[in-house]
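The file entry.csv comes next; it holds CSV, C-alpha atoms and all ligand atoms.
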```
chain,number,residue,atom,x,y,z
V,165,MET,CA,0.0,0.0,0.0
V,166,TYR,CA,2.8,2.3,0.9
V,167,ILE,CA,4.5,1.7,-2.4
V,168,ARG,CA,1.3,2.5,-4.3
V,169,THR,CA,0.7,5.7,-2.3
V,170,HIS,CA,4.4,6.6,-2.8
V,171,GLN,CA,4.2,6.0,-6.5
V,172,TRP,CA,1.1,8.1,-6.8
V,173,SER,CA,2.7,11.0,-4.9
V,174,VAL,CA,5.8,10.9,-7.2
V,175,TRP,CA,3.6,10.7,-10.2
V,176,LEU,CA,1.5,13.7,-9.0
V,177,ALA,CA,4.6,15.7,-8.4
V,178,LEU,CA,5.9,14.8,-11.9
V,179,ALA,CA,2.6,15.6,-13.5
V,180,THR,CA,2.5,19.0,-11.8
V,181,VAL,CA,6.0,19.8,-13.0
V,182,THR,CA,5.2,18.5,-16.5
V,183,MET,CA,2.0,20.6,-16.8
V,184,ALA,CA,3.7,23.8,-15.6
V,185,ALA,CA,6.6,23.3,-18.0
V,186,LEU,CA,4.2,22.3,-20.8
V,187,LEU,CA,2.2,25.5,-20.3
V,188,ALA,CA,5.4,27.6,-20.3
V,189,TRP,CA,6.5,25.8,-23.5
V,190,ARG,CA,3.1,26.5,-25.2
V,191,SER,CA,3.3,30.2,-24.3
V,192,VAL,CA,6.7,30.3,-26.0
V,193,VAL,CA,5.4,28.6,-29.0
V,194,ALA,CA,2.4,30.9,-29.1
V,195,SER,CA,4.6,34.0,-29.0
V,196,SER,CA,6.7,32.6,-31.8
V,197,GLY,CA,3.7,32.7,-34.1
V,198,HIS,CA,4.1,29.1,-35.1
V,199,THR,CA,6.7,30.0,-37.7
V,200,PRO,CA,6.8,27.2,-40.3
V,201,SER,CA,10.1,25.8,-41.4
V,202,THR,CA,11.3,27.3,-44.6
V,203,ASN,CA,13.8,24.5,-45.2
V,204,LYS,CA,16.1,27.0,-46.9
V,205,PRO,CA,19.3,25.3,-48.1
V,206,VAL,CA,22.4,26.5,-46.3
V,207,ALA,CA,26.1,25.6,-46.7
V,208,ARG,CA,26.0,23.1,-43.9
V,209,PRO,CA,23.1,22.0,-41.7
V,210,GLN,CA,23.4,23.0,-38.0
V,211,ALA,CA,24.7,20.0,-36.1
V,212,VAL,CA,22.2,20.8,-33.4
V,213,ALA,CA,19.2,22.9,-34.4
V,214,ALA,CA,17.0,24.9,-32.1
V,215,GLU,CA,15.3,21.6,-31.4
V,216,LEU,CA,17.1,18.5,-32.6
V,217,ARG,CA,14.6,16.2,-34.2
V,218,GLY,CA,16.4,13.1,-35.2
V,219,VAL,CA,16.2,9.5,-36.1
V,220,TRP,CA,18.5,6.6,-35.5
V,221,SER,CA,18.8,4.3,-38.5
V,222,GLY,CA,20.6,1.4,-40.0
V,223,TYR,CA,23.5,1.8,-42.4
V,224,ARG,CA,20.9,1.9,-45.2
V,225,VAL,CA,17.2,2.6,-45.4
V,226,GLU,CA,14.4,1.6,-47.7
V,227,PRO,CA,14.0,2.5,-50.5
V,228,ASP,CA,16.9,4.8,-50.4
V,229,TRP,CA,18.5,7.7,-48.5
V,230,ASP,CA,17.1,10.4,-50.8
V,231,THR,CA,13.5,9.3,-50.3
V,232,ALA,CA,14.0,9.0,-46.5
V,233,MET,CA,15.6,12.4,-46.2
V,234,GLN,CA,12.8,13.9,-48.2
V,235,LYS,CA,10.2,12.4,-45.9
V,236,LEU,CA,12.1,13.4,-42.8
V,237,SER,CA,12.5,17.0,-44.1
V,238,ALA,CA,8.8,17.1,-44.9
V,239,ALA,CA,8.1,16.4,-41.3
V,240,ASN,CA,10.6,19.0,-40.1
V,241,PHE,CA,13.1,16.5,-38.8
V,242,ASN,CA,16.7,17.9,-39.0
V,243,ALA,CA,19.1,15.1,-38.0
V,244,VAL,CA,19.9,11.5,-38.8
V,245,PHE,CA,22.1,9.1,-36.8
V,246,PRO,CA,23.0,6.3,-39.2
V,247,TYR,CA,24.9,3.3,-37.9
V,248,VAL,CA,28.2,3.4,-39.9
V,249,CYS,CA,30.6,0.9,-38.3
V,250,SER,CA,31.6,-1.2,-35.4
V,251,PRO,CA,35.3,-1.9,-34.8
V,252,GLY,CA,34.9,-5.1,-36.9
V,253,ILE,CA,33.0,-3.8,-39.9
V,254,ALA,CA,32.4,-0.6,-41.9
V,255,TYR,CA,29.6,0.4,-44.3
V,256,TYR,CA,31.7,3.1,-45.9
V,257,HIS,CA,34.9,2.9,-47.9
V,258,SER,CA,37.3,2.5,-44.9
V,259,GLN,CA,41.0,2.0,-45.1
V,260,VAL,CA,41.1,1.1,-41.4
V,261,LEU,CA,38.2,-1.3,-40.7
V,262,PRO,CA,37.1,-4.3,-42.7
V,263,VAL,CA,34.6,-3.1,-45.3
V,264,SER,CA,31.3,-5.0,-45.4
V,265,ARG,CA,30.7,-6.9,-48.6
V,266,PHE,CA,27.5,-5.0,-48.9
V,267,ALA,CA,29.4,-1.7,-49.0
V,268,ARG,CA,31.9,-2.6,-51.7
V,269,ASP,CA,29.8,-1.0,-54.4
V,270,HIS,CA,28.1,1.5,-52.1
V,271,ASP,CA,29.6,4.0,-49.7
V,272,TYR,CA,26.5,4.2,-47.6
V,273,LEU,CA,27.8,7.0,-45.4
V,274,LEU,CA,28.7,9.1,-48.4
V,275,GLU,CA,25.2,8.5,-49.8
V,276,ALA,CA,23.6,9.4,-46.5
V,277,VAL,CA,25.6,12.6,-46.2
V,278,THR,CA,24.9,13.7,-49.9
V,279,ALA,CA,21.1,13.0,-49.5
V,280,ALA,CA,20.9,14.6,-46.1
V,281,HIS,CA,22.6,17.8,-47.1
V,282,LYS,CA,20.3,18.2,-50.0
V,283,TYR,CA,17.5,18.5,-47.5
V,284,ASN,CA,19.4,20.5,-44.9
V,285,ILE,CA,19.6,17.6,-42.5
V,286,ALA,CA,22.6,17.0,-40.2
V,287,VAL,CA,24.4,13.6,-40.2
V,288,HIS,CA,25.7,12.3,-36.9
V,289,ALA,CA,27.7,9.1,-37.8
V,290,ARG,CA,27.1,6.5,-35.2
V,291,THR,CA,29.8,4.0,-34.3
V,292,LEU,CA,29.3,0.9,-32.2
V,293,THR,CA,32.4,1.7,-30.2
V,294,LEU,CA,33.5,-1.5,-28.5
V,295,GLU,CA,31.1,-4.3,-29.7
V,296,LEU,CA,32.1,-6.3,-32.8
V,297,LEU,CA,28.4,-6.4,-33.8
V,298,PHE,CA,27.8,-7.6,-37.4
V,299,ALA,CA,31.5,-8.3,-37.9
V,300,ALA,CA,32.5,-11.4,-39.9
V,301,GLU,CA,33.4,-14.5,-37.9
V,302,GLN,CA,36.9,-14.4,-39.4
V,303,THR,CA,37.3,-10.9,-38.1
V,304,LYS,CA,36.2,-11.9,-34.6
V,305,SER,CA,38.5,-14.9,-34.7
V,306,VAL,CA,41.5,-12.6,-35.4
V,307,PHE,CA,40.7,-10.4,-32.5
V,308,ALA,CA,40.2,-13.4,-30.2
V,309,ALA,CA,43.5,-15.1,-31.4
V,310,THR,CA,45.5,-12.0,-30.6
V,311,GLY,CA,44.0,-11.5,-27.1
V,312,ARG,CA,42.2,-8.3,-27.8
V,313,LEU,CA,38.7,-9.3,-26.6
V,314,MET,CA,37.0,-8.7,-23.2
V,315,SER,CA,36.7,-11.8,-21.0
V,316,ASN,CA,34.6,-12.6,-17.9
V,317,SER,CA,35.1,-14.3,-14.6
V,318,GLN,CA,34.8,-17.7,-16.2
V,319,GLY,CA,37.6,-16.8,-18.6
V,320,GLU,CA,35.2,-16.7,-21.5
V,321,THR,CA,35.7,-14.1,-24.2
V,322,ALA,CA,33.0,-11.9,-25.6
V,323,PRO,CA,33.0,-10.2,-29.1
V,324,TRP,CA,33.9,-6.8,-27.5
V,325,LEU,CA,37.2,-5.0,-27.6
V,326,CYS,CA,39.0,-4.7,-24.3
V,327,PRO,CA,39.4,-0.9,-23.8
V,328,THR,CA,42.8,-1.3,-22.0
V,329,ASP,CA,44.5,-2.9,-25.1
V,330,LEU,CA,46.6,-0.2,-26.8
V,331,ARG,CA,46.1,-1.8,-30.2
V,332,ASN,CA,42.3,-1.5,-29.8
V,333,ARG,CA,42.6,2.1,-28.7
V,334,GLN,CA,44.8,2.9,-31.7
V,335,LEU,CA,42.4,1.2,-34.1
V,336,LEU,CA,39.4,3.2,-32.7
V,337,GLU,CA,41.4,6.4,-33.0
V,338,ARG,CA,42.3,5.7,-36.6
V,339,ALA,CA,38.7,5.0,-37.4
V,340,VAL,CA,37.6,8.2,-35.8
V,341,THR,CA,40.2,10.2,-37.7
V,342,GLU,CA,39.1,8.6,-41.0
V,343,LEU,CA,35.5,9.4,-40.4
V,344,VAL,CA,35.9,13.0,-39.5
V,345,THR,CA,38.6,13.6,-42.2
V,346,ASN,CA,36.9,11.9,-45.1
V,347,TYR,CA,33.2,12.6,-44.5
V,348,ASP,CA,31.3,15.9,-44.3
V,349,ILE,CA,29.5,14.9,-41.2
V,350,GLU,CA,28.1,17.3,-38.6
V,351,GLY,CA,28.4,14.9,-35.7
V,352,LEU,CA,29.9,11.7,-34.3
V,353,GLN,CA,28.0,9.5,-31.9
V,354,PHE,CA,29.5,6.8,-29.7
V,355,ASP,CA,27.1,3.9,-29.1
V,356,TYR,CA,28.1,0.7,-27.3
V,357,LEU,CA,30.7,2.5,-25.3
V,358,ARG,CA,30.3,0.2,-22.4
V,359,TYR,CA,31.0,-3.3,-21.0
V,360,PRO,CA,28.5,-6.1,-21.8
V,361,GLY,CA,27.8,-6.5,-18.1
V,362,TRP,CA,29.2,-6.4,-14.6
V,363,ASP,CA,31.3,-9.5,-15.3
V,364,TYR,CA,33.7,-7.7,-17.8
V,365,CYS,CA,36.5,-7.1,-18.4
V,366,LEU,CA,38.5,-9.4,-16.3
V,367,CYS,CA,41.3,-10.3,-18.7
V,368,GLN,CA,44.9,-10.6,-17.6
V,369,ARG,CA,45.8,-7.3,-19.1
V,370,CYS,CA,43.1,-5.5,-17.1
V,371,ARG,CA,44.3,-7.3,-14.0
V,372,GLN,CA,47.9,-6.0,-14.6
V,373,ARG,CA,46.7,-2.5,-15.4
V,374,PHE,CA,44.5,-2.4,-12.4
V,375,THR,CA,47.2,-3.5,-10.0
V,376,ALA,CA,49.7,-1.1,-11.6
V,377,ASP,CA,47.3,1.8,-11.5
V,378,THR,CA,46.1,1.3,-7.9
V,379,GLY,CA,48.7,-0.8,-6.1
V,380,ALA,CA,46.1,-3.3,-5.1
V,381,HIS,CA,47.4,-6.6,-3.7
V,382,ILE,CA,45.4,-9.2,-5.5
V,383,THR,CA,45.7,-12.7,-4.2
V,384,ARG,CA,42.6,-14.2,-5.8
V,385,TRP,CA,41.8,-13.2,-9.3
V,386,PRO,CA,39.1,-12.4,-10.2
V,387,GLN,CA,37.3,-13.0,-6.9
V,388,ASP,CA,39.1,-10.1,-5.1
V,389,VAL,CA,37.5,-7.6,-7.5
V,390,LEU,CA,34.1,-9.2,-7.9
V,391,PRO,CA,31.1,-8.2,-5.6
V,392,GLU,CA,31.9,-9.0,-2.0
V,393,GLY,CA,35.7,-9.0,-2.8
V,394,PRO,CA,37.9,-6.5,-1.0
V,395,TYR,CA,38.6,-4.5,-4.2
V,396,ALA,CA,35.1,-4.7,-5.7
V,397,VAL,CA,34.3,-1.0,-5.4
V,398,GLN,CA,37.8,0.2,-6.4
V,399,PHE,CA,37.8,-2.1,-9.4
V,400,ASN,CA,34.4,-0.9,-10.6
V,401,ARG,CA,35.6,2.7,-10.4
V,402,TRP,CA,38.7,1.8,-12.3
V,403,ARG,CA,36.9,0.0,-15.1
V,404,GLN,CA,34.6,3.0,-15.5
V,405,GLN,CA,37.7,5.2,-15.7
V,406,GLN,CA,38.9,3.0,-18.7
V,407,LEU,CA,35.8,4.0,-20.7
V,408,THR,CA,36.1,7.6,-19.7
V,409,ASP,CA,39.8,7.7,-20.7
V,410,LEU,CA,39.0,6.0,-24.0
V,411,LEU,CA,36.2,8.5,-24.7
V,412,CYS,CA,38.6,11.3,-23.8
V,413,ASP,CA,41.2,10.0,-26.4
V,414,LEU,CA,38.6,9.6,-29.1
V,415,VAL,CA,37.1,13.0,-28.6
V,416,ALA,CA,40.5,14.7,-28.6
V,417,THR,CA,41.3,12.7,-31.8
V,418,ALA,CA,38.1,13.9,-33.5
V,419,ARG,CA,38.3,17.5,-32.3
V,420,ALA,CA,42.0,17.8,-33.5
V,421,VAL,CA,40.7,17.3,-37.0
V,422,ARG,CA,37.3,18.9,-36.7
V,423,PRO,CA,37.0,21.3,-33.7
V,424,ASP,CA,33.4,22.0,-34.8
V,425,ILE,CA,32.3,18.4,-34.8
V,426,SER,CA,29.4,17.6,-32.5
V,427,ILE,CA,30.2,14.7,-30.2
V,428,SER,CA,27.5,12.7,-28.5
V,429,ALA,CA,26.9,9.3,-26.9
V,430,ALA,CA,23.9,7.0,-26.9
V,431,VAL,CA,23.6,5.7,-23.4
V,432,PHE,CA,21.4,3.5,-21.1
V,433,PRO,CA,18.7,5.4,-19.2
V,434,ARG,CA,19.3,4.6,-15.5
V,435,TRP,CA,22.7,6.3,-15.1
V,436,GLU,CA,23.6,5.3,-11.6
V,437,GLU,CA,22.6,1.7,-11.9
V,438,HIS,CA,24.0,1.4,-15.4
V,439,ARG,CA,27.3,3.1,-14.4
V,440,GLU,CA,27.9,0.2,-12.0
V,441,ARG,CA,26.8,-2.5,-14.3
V,442,PHE,CA,28.0,-1.3,-17.7
V,443,GLY,CA,30.7,1.2,-16.7
V,444,GLN,CA,29.1,4.2,-18.4
V,445,ASP,CA,29.8,7.2,-16.1
V,446,VAL,CA,27.7,9.6,-18.1
V,447,ALA,CA,27.7,12.4,-15.5
V,448,LYS,CA,31.5,12.3,-15.5
V,449,TRP,CA,31.7,12.4,-19.3
V,450,VAL,CA,29.5,15.5,-19.3
V,451,GLU,CA,31.4,17.1,-16.4
V,452,ARG,CA,34.6,16.7,-18.2
V,453,GLY,CA,33.2,18.4,-21.3
V,454,LEU,CA,33.6,15.3,-23.5
V,455,LEU,CA,30.1,15.5,-25.0
V,456,ASP,CA,28.2,18.2,-26.8
V,457,PHE,CA,24.9,16.4,-25.9
V,458,VAL,CA,23.7,13.2,-24.4
V,459,ALA,CA,21.3,10.8,-26.0
V,460,PRO,CA,19.8,8.5,-23.3
V,461,MET,CA,17.9,5.6,-24.8
V,462,ASN,CA,14.7,6.1,-22.7
V,463,TYR,CA,12.9,3.2,-24.4
V,464,THR,CA,9.7,2.6,-22.5
V,465,THR,CA,6.0,2.9,-22.8
V,466,ASP,CA,5.7,3.6,-19.0
V,467,ARG,CA,5.0,7.3,-18.4
V,468,LEU,CA,6.3,7.2,-14.8
V,469,ASP,CA,9.6,5.5,-15.9
V,470,PHE,CA,10.0,7.9,-18.7
V,471,ALA,CA,9.4,11.0,-16.6
V,472,THR,CA,11.6,9.7,-13.7
V,473,TRP,CA,14.5,8.9,-16.0
V,474,LEU,CA,14.3,12.4,-17.5
V,475,LEU,CA,14.2,14.0,-14.1
V,476,THR,CA,17.3,12.2,-12.8
V,477,GLN,CA,19.2,12.6,-16.1
V,478,ARG,CA,18.4,16.3,-16.1
V,479,LYS,CA,19.7,16.6,-12.5
V,480,ALA,CA,22.9,14.7,-13.4
V,481,ILE,CA,23.6,16.9,-16.4
V,482,ALA,CA,22.9,20.1,-14.4
V,483,GLY,CA,22.3,22.2,-17.5
V,484,ARG,CA,25.9,21.6,-18.9
V,485,VAL,CA,24.8,20.2,-22.2
V,486,PRO,CA,21.4,19.4,-23.9
V,487,LEU,CA,19.6,16.2,-23.4
V,488,MET,CA,18.4,14.7,-26.7
V,489,VAL,CA,15.9,12.1,-25.5
V,490,GLY,CA,16.0,8.8,-27.2
V,491,MET,CA,12.5,7.2,-27.7
V,492,GLY,CA,11.9,3.7,-28.9
V,493,PRO,CA,8.6,3.2,-30.6
V,494,LEU,CA,10.1,0.6,-32.9
V,495,SER,CA,12.8,-0.7,-30.6
V,496,ASP,CA,13.3,-4.3,-29.2
V,497,ALA,CA,12.7,-2.9,-25.7
V,498,CYS,CA,9.2,-1.8,-26.3
V,499,GLN,CA,6.6,-1.4,-29.0
V,500,PHE,CA,4.3,1.6,-29.0
V,501,ASP,CA,0.6,1.4,-29.7
V,502,GLY,CA,1.0,4.1,-32.3
V,503,PRO,CA,2.3,7.6,-33.1
V,504,GLU,CA,0.1,9.2,-30.4
V,505,GLN,CA,2.3,7.7,-27.8
V,506,LEU,CA,5.5,9.1,-29.4
V,507,ALA,CA,3.9,12.5,-29.7
V,508,GLU,CA,3.1,12.4,-26.0
V,509,GLN,CA,6.7,11.5,-25.1
V,510,ILE,CA,8.0,14.3,-27.3
V,511,GLN,CA,5.7,16.8,-25.4
V,512,ILE,CA,6.9,15.4,-22.0
V,513,ALA,CA,10.5,15.7,-23.1
V,514,ARG,CA,9.9,19.3,-24.2
V,515,SER,CA,8.2,20.1,-20.9
V,516,PHE,CA,11.4,18.9,-19.1
V,517,GLY,CA,13.5,21.2,-21.1
V,518,ALA,CA,15.1,18.6,-23.4
V,519,GLY,CA,17.1,20.0,-26.4
V,520,GLY,CA,15.5,17.6,-28.7
V,521,PHE,CA,14.7,13.9,-29.3
V,522,ILE,CA,16.0,11.0,-31.4
V,523,VAL,CA,13.6,8.2,-32.4
V,524,PHE,CA,14.6,4.6,-32.8
V,525,LYS,CA,14.4,4.0,-35.6
V,526,TYR,CA,13.8,5.1,-39.2
V,527,THR,CA,12.0,2.3,-41.1
V,528,ASP,CA,9.3,2.3,-43.8
V,529,GLN,CA,6.8,1.7,-41.0
V,530,PHE,CA,8.0,4.8,-39.2
V,531,ALA,CA,7.8,6.9,-42.4
V,532,GLN,CA,4.3,5.6,-43.1
V,533,GLU,CA,2.7,5.6,-39.7
V,534,TYR,CA,4.6,8.1,-37.5
V,535,LEU,CA,6.0,10.9,-39.6
V,536,PRO,CA,2.7,12.1,-41.1
V,537,TYR,CA,1.1,12.1,-37.7
V,538,LEU,CA,3.9,14.0,-36.1
V,539,ALA,CA,4.1,16.5,-38.9
V,540,LYS,CA,0.5,17.5,-38.3
V,541,GLU,CA,1.1,19.1,-35.0
V,542,THR,CA,4.1,17.8,-32.9
V,543,THR,CA,6.8,18.7,-35.4
V,544,ALA,CA,4.8,21.2,-37.4
V,545,ILE,CA,6.7,24.1,-36.1
V,546,GLY,CA,10.0,24.8,-37.9
V,547,ALA,CA,13.1,23.6,-35.9
V,548,SER,CA,15.1,26.6,-37.0
V,549,PRO,CA,12.9,29.6,-36.3
D,1,ZN,ZN,40.5,-6.4,-20.4
```
Starting from the file, give its structure as structure tokens.
Amino acid sequence: MYIRTHQWSVWLALATVTMAALLAWRSVVASSGHTPSTNKPVARPQAVAAELRGVWSGYRVEPDWDTAMQKLSAANFNAVFPYVCSPGIAYYHSQVLPVSRFARDHDYLLEAVTAAHKYNIAVHARTLTLELLFAAEQTKSVFAATGRLMSNSQGETAPWLCPTDLRNRQLLERAVTELVTNYDIEGLQFDYLRYPGWDYCLCQRCRQRFTADTGAHITRWPQDVLPEGPYAVQFNRWRQQQLTDLLCDLVATARAVRPDISISAAVFPRWEEHRERFGQDVAKWVERGLLDFVAPMNYTTDRLDFATWLLTQRKAIAGRVPLMVGMGPLSDACQFDGPEQLAEQIQIARSFGAGGFIVFKYTDQFAQEYLPYLAKETTAIGASP
């Protein structure tokens, strides 16, 4: 009973804040005179418009990028976040990463950029930073054979690059350099910058680095650093630091070539819990100025969860950078009933002061069922007043 009462009081408080902010937002909109988007072509789209209205997508879309960009532009969207590579495969003409056989005749990133700029849409290339997702088995085998993968407490490896391996860091730095040098992209987004779970990475290299960095006297590995072990807390902080250090390197690499590039990360929603489990210390990344905005994947159909996550994320960010709220109407985590639910989440995000939203993900279904609905009211106002 207490829990129910408590939940209701939290919800009522959230609803009050939401309504107040929503009313304030509406008065701003009213005073702006509902200026429609003019979609005037400019030399380069703004990486982050007045309100970022984005979609995540695969490396290619149906039927083609030009059609997709035209539909997005018609609904006043202004950013796309196509998946362009993991450390084991690239969908563009890479000299650094193995190129997908599907991309030998197509440079999908170049095609996306060309089509996007025609419609004044910004491209934020999304890289799956540490997971070898979609890589060929042969590629994974080479990484495994050379000891570059993460391993768990059972000594089993996972198809993820260990962040303390210098070869891995150099590979990622080269890939970042190539992307920002060769492609006219507005942004770079780091996805999968995390561990697969609390049980990683426990490889011998991480053991050596941890003991060298901290002076810990490990007598039982990995038990001493696992939950209940004497170094559990210290090790967890250390492994978070490895990801923060890696991000720091990659951001410096990108900004050295393109100081204007917009850097972001797609992250899990429950930052404190997920920091402990997956090593993503998002608040630290923001505090250290590594990100231009954060894209939490707030994939849920539960209003209370959605609002609670937003509140805690906003508090952690403390106004340093915009929050571009990820919503998952077509994600594996949840399936929306329809576009009304997405429109409602967009309004809630606005009422919480979000800088924009990113929808997972662009598909033919999204173009058919969601975009026309949003364009009628939710995204009817131009993003660049
Ligand atoms: Zn390791």
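Taking all atoms listed in the file into account, every polymer residue with at least one atom at most 8 Å away from ligand ZN 1 (chain D) is listed here: Arg312, Leu313, Met314, Ser315, Cys326, Pro327, Thr328, Asp329, Tyr364, Cys365, Leu366, Cys367, Gln368, Arg369, Cys370 and Arg371 of chain V.
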Residue subset to file, keeping C-alpha atoms, as a short mmCIF file (atom, residue, chain, number, x, y, z; two decimals), in the coordinates of the input:
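Resulting contents of part.cif:
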```
data_model
loop_
_atom_site.label_atom_id
_atom_site.label_comp_id
_atom_site.auth_asym_id
_atom_site.auth_seq_id
_atom_site.Cartn_x
_atom_site.Cartn_y
_atom_site.Cartn_z
CA ARG V 312 42.20 -8.30 -27.80
CA LEU V 313 38.70 -9.30 -26.60
CA MET V 314 37.00 -8.70 -23.20
CA SER V 315 36.70 -11.80 -21.00
CA CYS V 326 39.00 -4.70 -24.30
CA PRO V 327 39.40 -0.90 -23.80
CA THR V 328 42.80 -1.30 -22.00
CA ASP V 329 44.50 -2.90 -25.10
CA TYR V 364 33.70 -7.70 -17.80
CA CYS V 365 36.50 -7.10 -18.40
CA LEU V 366 38.50 -9.40 -16.30
CA CYS V 367 41.30 -10.30 -18.70
CA GLN V 368 44.90 -10.60 -17.60
CA ARG V 369 45.80 -7.30 -19.10
CA CYS V 370 43.10 -5.50 -17.10
CA ARG V 371 44.30 -7.30 -14.00
#
```
Mind running stretch 293-342 of chain V against stretch 409-420 of chain V at 7 Å and telling me each contacting residue's nearest atom pair with the distance in Å (one decimal), counting all atoms listed in the file, chain and number ascending, as a tab-separated table?
```
residue	atom	partner	partner_atom	distance
V:Pro327	CA	V:Leu410	CA	6.9
V:Glu337	CA	V:Leu414	CA	5.8
V:Val340	CA	V:Ala418	CA	6.2
V:Thr341	CA	V:Ala418	CA	6.0
```
Gap from atom CA of V:Gln353 to atom CA of V:Gly252 - Å, one decimal: 16.9 Å
Shell around stretch 434-439 of chain V at 10 Å using all atoms listed in the file, local window under 5 positions removed, as a list in words: Arg358, Tyr359, Gly361, Trp362, Asn400, Arg401, Gln404, Gln444, Asp445, Val446, Ala447, Pro460, Met461, Asn462, Asp469, Thr472, Trp473, Leu474, Thr476, Gln477 and Ala480 of chain V
Name all residues at most 6 Å from V:Ala286 (count all atoms listed in the file; drop same-chain ones fewer than 2 positions away) and give them as an mmCIF file with C-alpha atoms, in the frame of the given file.
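Written file, part_11.cif:
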```
data_model
loop_
_atom_site.group_PDB
_atom_site.id
_atom_site.type_symbol
_atom_site.label_atom_id
_atom_site.label_comp_id
_atom_site.auth_asym_id
_atom_site.auth_seq_id
_atom_site.Cartn_x
_atom_site.Cartn_y
_atom_site.Cartn_z
ATOM 1 C CA PRO V 209 23.100 22.000 -41.700
ATOM 2 C CA ALA V 211 24.700 20.000 -36.100
ATOM 3 C CA ALA V 243 19.100 15.100 -38.000
ATOM 4 C CA GLU V 350 28.100 17.300 -38.600
#
```
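Rounded to one decimal, atom CA of V:Trp229 and atom CA of V:Ala280 lie 7.7 Å from each other.
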Expected residue set, 8 Å radius at (8.0, 7.9, -29.0), all atoms listed in the file, as a PyMOL selection string: chain V and resi 491-493+500+503+505-510+523
Between atom CA of V:Ile253 and atom CA of V:Leu335 - distance in Å to one decimal: 12.1 Å
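Near V:Val212, within 8 Å and counting all atoms listed in the file, sit Gln210, Ala214, Glu215, Leu216, Ala243, Ala286 and Ser426 of chain V, not including residues fewer than 2 positions from it in the same chain.
Nearest to V:Arg441 of all the residues V:Val397, V:Val421, V:Ala482, V:Ala459 is V:Val397, based on only C-alpha atoms.
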Polymer residues at most 10 Å from V:Val225, all atoms listed in the file, same-chain spacing of 2 or more positions, as a VMD selection string: chain V and resid 221 to 223 227 to 233 246 272 276 526 to 528
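Distance check against V:Phe442 using only C-alpha atoms: of V:Ser428, V:Gln405, V:Thr465, V:Ser264, the minimum falls on V:Gln405.
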Residues within 9 Å of (13.2, 15.4, -41.6), file coords, all atoms listed in the file, listed as a ChimeraX atom specification: /V:217-219,232-244,280,283-285,535
Return stretch 398-411 of chain V, completed with N, CA and C atoms, as a PDB file, in the frame of the given file.
```
ATOM      1  N   GLN V 398      36.663  -0.475  -5.719  1.00  0.00           N
ATOM      2  CA  GLN V 398      37.800   0.200  -6.400  1.00  0.00           C
ATOM      3  C   GLN V 398      37.917  -0.283  -7.849  1.00  0.00           C
ATOM      4  N   PHE V 399      37.704  -1.565  -8.063  1.00  0.00           N
ATOM      5  CA  PHE V 399      37.800  -2.100  -9.400  1.00  0.00           C
ATOM      6  C   PHE V 399      36.717  -1.517 -10.319  1.00  0.00           C
ATOM      7  N   ASN V 400      35.521  -1.408  -9.762  1.00  0.00           N
ATOM      8  CA  ASN V 400      34.400  -0.900 -10.600  1.00  0.00           C
ATOM      9  C   ASN V 400      34.687   0.567 -10.978  1.00  0.00           C
ATOM     10  N   ARG V 401      35.214   1.337 -10.039  1.00  0.00           N
ATOM     11  CA  ARG V 401      35.600   2.700 -10.400  1.00  0.00           C
ATOM     12  C   ARG V 401      36.657   2.729 -11.465  1.00  0.00           C
ATOM     13  N   TRP V 402      37.611   1.851 -11.324  1.00  0.00           N
ATOM     14  CA  TRP V 402      38.700   1.800 -12.300  1.00  0.00           C
ATOM     15  C   TRP V 402      38.237   1.411 -13.668  1.00  0.00           C
ATOM     16  N   ARG V 403      37.330   0.443 -13.737  1.00  0.00           N
ATOM     17  CA  ARG V 403      36.900   0.000 -15.100  1.00  0.00           C
ATOM     18  C   ARG V 403      36.009   1.111 -15.716  1.00  0.00           C
ATOM     19  N   GLN V 404      35.277   1.879 -14.906  1.00  0.00           N
ATOM     20  CA  GLN V 404      34.600   3.000 -15.500  1.00  0.00           C
ATOM     21  C   GLN V 404      35.553   4.040 -16.045  1.00  0.00           C
ATOM     22  N   GLN V 405      36.642   4.207 -15.315  1.00  0.00           N
ATOM     23  CA  GLN V 405      37.700   5.200 -15.700  1.00  0.00           C
ATOM     24  C   GLN V 405      38.260   4.782 -17.099  1.00  0.00           C
ATOM     25  N   GLN V 406      38.362   3.474 -17.369  1.00  0.00           N
ATOM     26  CA  GLN V 406      38.900   3.000 -18.700  1.00  0.00           C
ATOM     27  C   GLN V 406      38.067   3.536 -19.816  1.00  0.00           C
ATOM     28  N   LEU V 407      36.738   3.493 -19.627  1.00  0.00           N
ATOM     29  CA  LEU V 407      35.800   4.000 -20.700  1.00  0.00           C
ATOM     30  C   LEU V 407      35.908   5.483 -20.807  1.00  0.00           C
ATOM     31  N   THR V 408      35.977   6.157 -19.676  1.00  0.00           N
ATOM     32  CA  THR V 408      36.100   7.600 -19.700  1.00  0.00           C
ATOM     33  C   THR V 408      37.372   8.044 -20.392  1.00  0.00           C
ATOM     34  N   ASP V 409      38.478   7.353 -20.071  1.00  0.00           N
ATOM     35  CA  ASP V 409      39.800   7.700 -20.700  1.00  0.00           C
ATOM     36  C   ASP V 409      39.719   7.428 -22.214  1.00  0.00           C
ATOM     37  N   LEU V 410      39.088   6.312 -22.587  1.00  0.00           N
ATOM     38  CA  LEU V 410      39.000   6.000 -24.000  1.00  0.00           C
ATOM     39  C   LEU V 410      38.173   7.092 -24.730  1.00  0.00           C
ATOM     40  N   LEU V 411      37.045   7.474 -24.134  1.00  0.00           N
ATOM     41  CA  LEU V 411      36.200   8.500 -24.700  1.00  0.00           C
ATOM     42  C   LEU V 411      37.037   9.814 -24.867  1.00  0.00           C
TER      43      LEU V 411
END
```
